[in-house]
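S.K.: Next up is a structure, given as structure tokens.
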Amino acid sequence: SDMKTVKISEAHHGAITAVTFPKESSDRFATCSADGCVVMWDLSDYSVLCKGHCRDGGTPTCLDFALECLVSGWSDGKVRCFDGETGQLLWEVADVHKGGVSALCVSHNQRFFMTGGVEGSVRVWDIKSRELVSHMKEHLDAVTCIKIFDDDAHALSGSKDRNIICWDLRHEKRVASLRQRMGGVNSLALYLDQVQVISVGQDRKLTFWDLREVEPVHSVTLDSEACAVALSFSGSLVASGGKDQVMRLWSFDGARHLVDGMGHSGSINSIVFSPDDRQMVSVGQDGCIFVWNVYA
């Protein structure tokens, strides 16, 4: 009768913009939301391990793990890094992109990270010194996604300008370019061979590309615009989701539609597979996090 409060569970109270797993761990994942929070979750009981918050930074739009830290890009043009155990803000870099950071990816060797901006530029930053290493500007509209190759020497960027560009990071130049016929690119997945690419965008298609060819290898017409695509670590499954609020699972070989996952009541913004490929997490405009069992 002392009226003590007991926390049962907690969640974001705004649209969730991105979700990510650590590179080699499947027991936890992180999300960021329009409520200004970056949250680390325990995948075994869905409890919050830690939470980072920035009151006046706008919206966190993208995030990735760097060792035990969470590096996030924000709509105020800053990159903020939070401690993965305490949620404490460790450092921030101002003026990363004018108009806001719209894409972010940490290298496999954890030595640098790449950012994409609303204004269309792609930049490389040293993680230790937080200094700008290189600046590449060929996109004419917002960069929506960045994927770094396994060799940490090449990267892909997709943009609302309909282009997918492959970059040579050492020489800071474009080495290949693919172009959608209609509408911007919303999300990319890079296949294990580092040659094949899967994209979704405003053209309402799931498109399979080969970086050595200009035209798409194959495409599947979708019912509505997809905002997110993810590839399983085994390379056998592709997941897509978007404005129709349905999470779709496909086989990579032949792009066969396998199953639909219903539950979201808003557009799906981001999808990721756990590194062990046993589960998949999708997040959306409805502020919900859905954990899907893939292995069952």
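Residue numbers start at 1 in each chain; chains themselves are named A, B, ... in the order of the structure tokens; ligands are numbered from 1 in the order shown.
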So that I can check the surroundings of range 189-196 of chain A, please list as a ChimeraX atom specification every protein, DNA and RNA residue that reaches within 9 Å of it, counting only C-alpha atoms and ignoring chain neighbours fewer than 5 positions away.
M.R.: /A:147-150,156,208-212,229-231,233-235,238
S.K.: Considering only C-alpha atoms, return as a list in words whatever protein or nucleic-acid residues lie within 7 Å of range 164-181 of chain A, sequence-local ones (same chain, fewer than 2 positions apart) excluded.
M.R.: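 So, after excluding close chain neighbours, the residues are Ser134, Met136, Ala153, His154, Ala155, Leu156, Ser157, Gly158, Ser159, Arg162, Gly183, Leu211 and Val214 of chain A.
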S.K.: Using only C-alpha atoms, which protein or nucleic acid residues come within 7 Å of Gly73 in chain A? Drop anything in the same chain fewer than 2 positions from it, and give the result as JSON, numbers by chain.
M.R.: {"A": [60, 61, 62, 63, 78, 79, 80, 101, 102, 103, 104]}
S.K.: Output the selection as a PDB file, in the first residue's frame - C-alpha atoms for each residue.
M.R.:
```
ATOM      1  CA  PRO A  60      18.252  10.585 -35.155  1.00  0.00           C
ATOM      2  CA  THR A  61      17.907   9.227 -38.688  1.00  0.00           C
ATOM      3  CA  CYS A  62      20.519   6.441 -38.858  1.00  0.00           C
ATOM      4  CA  LEU A  63      22.845   4.474 -36.581  1.00  0.00           C
ATOM      5  CA  LYS A  78      25.547  16.231 -36.256  1.00  0.00           C
ATOM      6  CA  VAL A  79      26.915  12.755 -35.590  1.00  0.00           C
ATOM      7  CA  ARG A  80      26.620  11.665 -31.948  1.00  0.00           C
ATOM      8  CA  VAL A 101      22.698  13.438 -41.836  1.00  0.00           C
ATOM      9  CA  SER A 102      20.564  10.938 -43.770  1.00  0.00           C
ATOM     10  CA  ALA A 103      22.787   7.817 -43.905  1.00  0.00           C
ATOM     11  CA  LEU A 104      25.630   6.341 -41.844  1.00  0.00           C
TER      12      LEU A 104
END
```
S.K.: Just the residues within 9 Å of Ala11 in chain A, please, counting only C-alpha atoms, with nothing from its chain fewer than 2 positions along; format it as a PyMOL selection string.
M.R.: chain A and resi 9+13+48+287-289
S.K.: Going by DSSP on the backbone, which residues of range 203-265 of chain A come out as strand (DSSP E or B)? List them as a PyMOL selection string.
M.R.: chain A and resi 205-210+218-221+226-231+237-242+247-251+257-261
S.K.: Name all residues at most 7 Å from Lys243 in chain A (count only C-alpha atoms; drop same-chain ones fewer than 5 positions away) and give them as a list in words.
M.R.: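 The residues satisfying every condition are Ser224, Glu225, Ala226, Ser267 and Ile268 of chain A.
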S.K.: Next, dump the selected residues to file, keeping only C-alpha atoms, as an mmCIF file, in the first residue's frame.
M.R.:
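Heads up, here's the output in again_25.cif:
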```cif
data_model
loop_
_atom_site.group_PDB
_atom_site.id
_atom_site.type_symbol
_atom_site.label_atom_id
_atom_site.label_comp_id
_atom_site.auth_asym_id
_atom_site.auth_seq_id
_atom_site.Cartn_x
_atom_site.Cartn_y
_atom_site.Cartn_z
ATOM 1 C CA SER A 224 3.520 -0.200 -53.042
ATOM 2 C CA GLU A 225 6.714 1.720 -52.334
ATOM 3 C CA ALA A 226 9.254 -0.190 -50.236
ATOM 4 C CA SER A 267 5.222 2.445 -42.895
ATOM 5 C CA ILE A 268 8.193 0.133 -42.241
#
```
S.K.: Restricting the calculation to only C-alpha atoms, which member of A:His264, A:Lys160, A:Phe273, A:Val185 is positioned closest to Phe290 in chain A?
M.R.: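 Counting only C-alpha atoms, the residue closest to Phe290 in chain A is A:His264.
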S.K.: What is the distance between CA of His12 in chain A and CA of Cys37 in chain A, in Å to one decimal?
M.R.: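 Value for the CA of His12 in chain A-CA of Cys37 in chain A distance: 7.6 Å.
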S.K.: What gap, in Å, lies between CA of Gln279 in chain A and CA of Arg248 in chain A?
M.R.: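 Computed distance, CA of Gln279 in chain A to CA of Arg248 in chain A, equals 14.0 Å.
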S.K.: I want to know what sits within 9 Å of range 82-99 of chain A, based on only C-alpha atoms, with residues of the same chain fewer than 4 positions away left out; could you give that as a PyMOL selection string?
M.R.: chain A and resi 38-40+49-54+65+67-73+75-78+115-119+121+123+130-132
S.K.: Since we have the selection now, will you write its residues out, keeping C-alpha atoms, as a short mmCIF file (atom, residue, chain, number, x, y, z; two decimals), in the first residue's frame?
M.R.:
```
data_model
loop_
_atom_site.label_atom_id
_atom_site.label_comp_id
_atom_site.auth_asym_id
_atom_site.auth_seq_id
_atom_site.Cartn_x
_atom_site.Cartn_y
_atom_site.Cartn_z
CA VAL A 38 18.91 5.91 -29.12
CA VAL A 39 18.10 2.64 -27.30
CA MET A 40 19.94 -0.66 -26.86
CA LEU A 49 19.95 -2.21 -21.67
CA CYS A 50 20.72 1.49 -22.03
CA LYS A 51 19.27 4.66 -23.50
CA GLY A 52 20.94 7.74 -24.96
CA HIS A 53 18.98 10.95 -25.32
CA CYS A 54 19.54 14.32 -26.94
CA PHE A 65 27.65 -0.02 -33.93
CA LEU A 67 32.73 -1.71 -31.04
CA GLU A 68 30.78 -1.04 -27.81
CA CYS A 69 29.49 2.35 -28.94
CA LEU A 70 26.51 3.55 -30.97
CA VAL A 71 27.27 6.08 -33.70
CA SER A 72 24.18 7.97 -34.90
CA GLY A 73 23.41 10.60 -37.54
CA SER A 75 18.65 15.80 -38.60
CA ASP A 76 20.52 18.76 -37.09
CA GLY A 77 23.59 17.78 -39.13
CA LYS A 78 25.55 16.23 -36.26
CA THR A 115 27.97 9.56 -43.77
CA GLY A 116 25.51 10.69 -46.41
CA GLY A 117 23.72 14.01 -46.33
CA VAL A 118 20.42 15.53 -47.33
CA GLU A 119 22.39 17.74 -49.73
CA SER A 121 27.40 14.48 -50.42
CA ARG A 123 31.89 11.82 -46.50
CA ARG A 130 36.63 12.46 -35.75
CA GLU A 131 38.29 14.40 -38.57
CA LEU A 132 37.06 14.52 -42.16
#
```
S.K.: CA of Phe112 in chain A and CA of Val133 in chain A, how far apart in Å?
M.R.: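 Going from CA of Val133 in chain A over to CA of Phe112 in chain A, I get 8.8 Å.
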S.K.: Considering only C-alpha atoms, return as a PDB file with N, CA, C and O atoms, in the first residue's frame whatever protein or nucleic-acid residues lie within 7 Å of Ser219 in chain A, sequence-local ones (same chain, fewer than 3 positions apart) excluded.
M.R.:
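Final file, around.pdb:
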```pdb
ATOM      1  N   LYS A 205       9.600  -1.341 -56.874  1.00  0.00           N
ATOM      2  CA  LYS A 205      10.190  -2.592 -57.349  1.00  0.00           C
ATOM      3  C   LYS A 205      11.260  -3.080 -56.379  1.00  0.00           C
ATOM      4  O   LYS A 205      11.891  -2.281 -55.679  1.00  0.00           O
ATOM      5  N   LEU A 206      11.433  -4.402 -56.352  1.00  0.00           N
ATOM      6  CA  LEU A 206      12.573  -5.032 -55.701  1.00  0.00           C
ATOM      7  C   LEU A 206      13.519  -5.373 -56.846  1.00  0.00           C
ATOM      8  O   LEU A 206      13.199  -6.224 -57.684  1.00  0.00           O
ATOM      9  N   THR A 207      14.657  -4.694 -56.905  1.00  0.00           N
ATOM     10  CA  THR A 207      15.522  -4.786 -58.084  1.00  0.00           C
ATOM     11  C   THR A 207      16.854  -5.436 -57.749  1.00  0.00           C
ATOM     12  O   THR A 207      17.485  -5.100 -56.740  1.00  0.00           O
ATOM     13  N   PHE A 208      17.281  -6.356 -58.598  1.00  0.00           N
ATOM     14  CA  PHE A 208      18.550  -7.062 -58.444  1.00  0.00           C
ATOM     15  C   PHE A 208      19.520  -6.549 -59.512  1.00  0.00           C
ATOM     16  O   PHE A 208      19.205  -6.577 -60.705  1.00  0.00           O
TER      17      PHE A 208
END
```
S.K.: Could I get the residues of range 230-271 of chain A with an atom no further than 6 Å from an atom of range 280-283 of chain A, each paired with its nearest atom pair and that distance in Å to one decimal, using only C-alpha atoms, sorted by chain and residue number, as a Markdown table?
M.R.:
```
| residue | atom | partner | partner_atom | distance |
| --- | --- | --- | --- | --- |
| A:Ile268 | CA | A:Val283 | CA | 5.8 |
| A:Asn269 | CA | A:Val283 | CA | 5.9 |
| A:Ser270 | CA | A:Val283 | CA | 5.5 |
| A:Ile271 | CA | A:Ser282 | CA | 4.4 |
```
S.K.: Store the residues of this selection in a file with N, CA and C atoms, as an mmCIF file, in the first residue's frame.
M.R.:
```
data_model
loop_
_atom_site.group_PDB
_atom_site.id
_atom_site.type_symbol
_atom_site.label_atom_id
_atom_site.label_comp_id
_atom_site.auth_asym_id
_atom_site.auth_seq_id
_atom_site.Cartn_x
_atom_site.Cartn_y
_atom_site.Cartn_z
ATOM 1 N N ILE A 268 6.986 0.769 -42.781
ATOM 2 C CA ILE A 268 8.193 0.133 -42.241
ATOM 3 C C ILE A 268 9.409 0.918 -42.717
ATOM 4 N N ASN A 269 10.227 1.388 -41.765
ATOM 5 C CA ASN A 269 11.362 2.252 -42.101
ATOM 6 C C ASN A 269 12.693 1.522 -42.216
ATOM 7 N N SER A 270 12.844 0.414 -41.483
ATOM 8 C CA SER A 270 14.144 -0.254 -41.448
ATOM 9 C C SER A 270 13.965 -1.716 -41.058
ATOM 10 N N ILE A 271 14.782 -2.591 -41.666
ATOM 11 C CA ILE A 271 14.760 -4.025 -41.376
ATOM 12 C C ILE A 271 16.204 -4.504 -41.246
#
```
S.K.: Could you tell me which of A:Leu140, A:Leu188, A:Asn293, A:Val259 comes closest to Leu43 in chain A if we count only C-alpha atoms?
M.R.: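 Among the listed residues, A:Asn293 lies closest to Leu43 in chain A.
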